[in-house]
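Encoded as structure tokens, the structure appears first; notes follow it.
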Amino acid sequence: MPPSDNQLMTFYHILLESFGPQHWWPGDTSFEVMVGAVLTQNTNWSNVEKAINNLKTANLLTPEKLNTLSPKKLAELIRPAGYFNIKTRRLQNLVRWFCAEYDAQIKCLQELSVDRLREELLSINGVGRETADSIILYALEKPTFVVDTYTYRVLSRHGLIDPESDYEQIKEYCEMNVTPEIAIYNEFHALFVRLGKDYCKPRPKCENCPLRSFEHTIQPQY
DNA sequence: GACCAGGCACATC
DNA sequence: GATGTGCATGGT
């Protein structure tokens, strides 16, 4: 059991106090979360919302319908999310697997272990580590820590991880140090994103960053 | 006009 | 194994 008073949990409490709960993942159903996880790859969420709204308006946001929709039509609808040709393939790869292997039943996926889910999701072309972990945590509500560019940026800039760390190493560091509760994994990742959007950009905007006044208490490990 | 966004697969060395 | 590149829209 990770200690509850380490530096990473201090980060968590500061961020939660500063920003409040983020209410993630923004989506009405588990399937919508799965779709959003692919659409948001390297893409601003506001663009993803447009694409998802297009699918909803066309009444096509179901596994069965997306599975049989023509790639051309799907690409047209998700155009606002960018990379629409490649995301069409990726989305249909995911949906095809979901329909063929699990009868499009979220419940069937939820019966699997995190390790098994991760293995299967990662075998789908177009589903990488962050997308897989996002689906497992936010769509299936199982405990896996989601790492993204913001997580990397925040932790490496504050010296808590080796800047050479890869995805799995950062994930392991987080899971070793964060209280293993789904609600906390959920909130923490969302807070990392919030912090990243507001302050921890490629060009940092550290003025008024909630972590700034606590900087002196952080003991860099790297 | 430049920069950035809740990645990923693939080519090439 | 590591590094570089294509994919694309839309907001700031």
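Within each chain, counting starts at residue 1; across the structure tokens, chains are named A, B, ... in the order shown, with ligands numbered 1 upward in that order.
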Neighbour list for DA5 in chain B as a PDB file with C-alpha atoms, in the first residue's frame, cut-off 9 Å, only C-alpha atoms (C1' of nucleotides), skip fewer than 6 positions in-chain:
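result25.pdb was written with the following content:
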ATOM      1  CA  THR A  40      -8.596  12.651 -28.410  1.00  0.00           C
ATOM      2  CA  GLN A  41      -5.231  11.227 -29.433  1.00  0.00           C
ATOM      3  CA  ASN A  42      -2.959  14.255 -29.754  1.00  0.00           C
ATOM      4  CA  THR A  43      -6.040  16.424 -30.105  1.00  0.00           C
ATOM      5  CA  ASN A  44      -7.727  19.198 -28.160  1.00  0.00           C
ATOM      6  CA  TRP A  45     -10.878  17.985 -26.418  1.00  0.00           C
TER       7      TRP A  45
END
Exercise. Taking only C-alpha atoms (C1' of nucleotides) into account, what are the residues of chain A at most 8 Å from chain C, put as a PyMOL selection string?
Worked result: chain A and resi 47+79-84+86
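Every chain B residue lying within 9 Å of chain A, based on only C-alpha atoms (C1' of nucleotides), is listed here: DC4, DA5, DG6, DG7, DC8 and DA9 of chain B.
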Problem set entry | helix (DSSP H, G or I) per DSSP on the backbone: members of range 40-197 of chain A, as a PyMOL selection string | chain A and resi 45-57+63-68+71-77+79-81+84-102+106-110+114-122+129-139+149-157+167-177+182-197
Restricted to C-alpha atoms, what would the selected residues look like written as a compact mmCIF listing (two decimals), in the first residue's frame?
# COMPACT_ATOMS: atom_id res chain seq x y z
CA TRP A 45 -10.88 17.99 -26.42
CA SER A 46 -13.06 20.75 -27.87
CA ASN A 47 -12.42 19.31 -31.32
CA VAL A 48 -13.31 15.83 -30.07
CA GLU A 49 -16.61 17.14 -28.72
CA LYS A 50 -17.54 18.38 -32.17
CA ALA A 51 -16.86 14.97 -33.67
CA ILE A 52 -18.80 13.16 -30.95
CA ASN A 53 -21.72 15.54 -31.38
CA ASN A 54 -21.73 14.79 -35.08
CA LEU A 55 -21.97 11.08 -34.32
CA LYS A 56 -24.74 11.66 -31.79
CA THR A 57 -26.72 13.92 -34.08
CA PRO A 63 -20.93 -0.15 -31.55
CA GLU A 64 -23.10 -1.86 -34.14
CA LYS A 65 -23.62 1.25 -36.23
CA LEU A 66 -20.01 2.39 -36.15
CA ASN A 67 -18.93 -1.14 -37.02
CA THR A 68 -20.92 -1.20 -40.24
CA PRO A 71 -15.18 4.52 -43.56
CA LYS A 72 -15.85 7.45 -45.85
CA LYS A 73 -18.97 8.47 -43.94
CA LEU A 74 -17.27 7.98 -40.58
CA ALA A 75 -14.28 10.08 -41.63
CA GLU A 76 -16.61 12.84 -42.69
CA LEU A 77 -18.34 12.89 -39.30
CA ARG A 79 -13.38 15.36 -39.36
CA PRO A 80 -13.28 18.09 -36.68
CA ALA A 81 -11.16 15.83 -34.44
CA PHE A 84 -9.74 11.76 -39.50
CA ASN A 85 -8.57 9.09 -41.93
CA ILE A 86 -6.29 7.36 -39.48
CA LYS A 87 -8.76 7.75 -36.63
CA THR A 88 -11.48 6.18 -38.77
CA ARG A 89 -9.34 3.07 -39.10
CA ARG A 90 -8.41 3.06 -35.42
CA LEU A 91 -11.98 3.55 -34.27
CA GLN A 92 -13.26 0.76 -36.48
CA ASN A 93 -10.45 -1.55 -35.36
CA LEU A 94 -11.53 -1.00 -31.75
CA VAL A 95 -15.23 -1.34 -32.48
CA ARG A 96 -14.75 -4.44 -34.63
CA TRP A 97 -12.89 -6.12 -31.76
CA PHE A 98 -15.55 -5.05 -29.27
CA CYS A 99 -18.40 -6.42 -31.41
CA ALA A 100 -16.68 -9.58 -32.60
CA GLU A 101 -15.05 -10.70 -29.36
CA TYR A 102 -17.40 -9.32 -26.72
CA ILE A 106 -19.32 -3.50 -21.75
CA LYS A 107 -20.19 -5.96 -19.01
CA CYS A 108 -18.18 -8.67 -20.77
CA LEU A 109 -15.12 -6.45 -20.84
CA GLN A 110 -15.56 -5.66 -17.16
CA VAL A 114 -6.79 -5.18 -15.91
CA ASP A 115 -3.77 -7.09 -17.25
CA ARG A 116 -5.85 -9.07 -19.72
CA LEU A 117 -7.72 -5.96 -20.88
CA ARG A 118 -4.48 -4.10 -21.36
CA GLU A 119 -2.98 -6.93 -23.36
CA GLU A 120 -6.01 -7.21 -25.61
CA LEU A 121 -6.45 -3.48 -26.13
CA LEU A 122 -2.77 -3.01 -26.92
CA ARG A 129 -0.83 2.65 -23.83
CA GLU A 130 -2.62 5.86 -22.95
CA THR A 131 -5.71 4.99 -24.97
CA ALA A 132 -5.84 1.50 -23.44
CA ASP A 133 -5.42 2.80 -19.90
CA SER A 134 -8.02 5.54 -20.46
CA ILE A 135 -10.55 2.97 -21.62
CA ILE A 136 -9.78 0.65 -18.70
CA LEU A 137 -10.01 3.41 -16.08
CA TYR A 138 -12.69 5.69 -17.41
CA ALA A 139 -14.92 3.42 -19.50
CA THR A 149 2.30 14.09 -21.90
CA TYR A 150 1.16 16.37 -19.08
CA THR A 151 1.91 13.73 -16.45
CA TYR A 152 5.38 13.33 -17.89
CA ARG A 153 5.95 17.07 -18.15
CA VAL A 154 4.78 17.93 -14.64
CA LEU A 155 6.62 15.10 -12.92
CA SER A 156 9.87 15.52 -14.84
CA ARG A 157 9.93 19.31 -14.45
CA TYR A 167 5.41 5.25 -20.19
CA GLU A 168 5.54 2.05 -18.16
CA GLN A 169 8.09 3.45 -15.73
CA ILE A 170 6.03 6.57 -15.07
CA LYS A 171 2.91 4.48 -14.63
CA GLU A 172 4.73 2.25 -12.16
CA TYR A 173 6.02 5.25 -10.23
CA CYS A 174 2.48 6.62 -9.94
CA GLU A 175 0.96 3.30 -8.94
CA MET A 176 3.66 2.83 -6.30
CA ASN A 177 2.94 6.22 -4.75
CA ILE A 182 -10.26 4.12 -8.80
CA ALA A 183 -11.73 7.49 -7.80
CA ILE A 184 -8.27 8.85 -7.00
CA TYR A 185 -6.68 7.51 -10.20
CA ASN A 186 -9.58 9.07 -12.07
CA GLU A 187 -9.28 12.46 -10.40
CA PHE A 188 -5.50 12.63 -10.42
CA HIS A 189 -5.13 12.12 -14.14
CA ALA A 190 -7.85 14.71 -14.79
CA LEU A 191 -6.05 17.15 -12.49
CA PHE A 192 -2.75 16.57 -14.31
CA VAL A 193 -4.50 17.48 -17.54
CA ARG A 194 -6.07 20.56 -15.98
CA LEU A 195 -2.71 21.69 -14.61
CA GLY A 196 -1.08 20.99 -17.94
CA LYS A 197 -3.63 22.93 -19.94
For this session: Mind giving me the straight-line distance from CA of Pro210 in chain A to CA of His158 in chain A in Å, one decimal?
Result: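 Straight-line distance from CA of Pro210 in chain A to CA of His158 in chain A works out to 13.0 Å.
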Problem set entry | Atom pair CA of Tyr12 in chain A / CA of Val178 in chain A: separation (Å) |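 Between CA of Tyr12 in chain A and CA of Val178 in chain A the gap is 8.7 Å.
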Problem set entry | Interatomic distance, CA of Trp25 in chain A to CA of Ala104 in chain A (Å, one decimal) | 20.1 Å
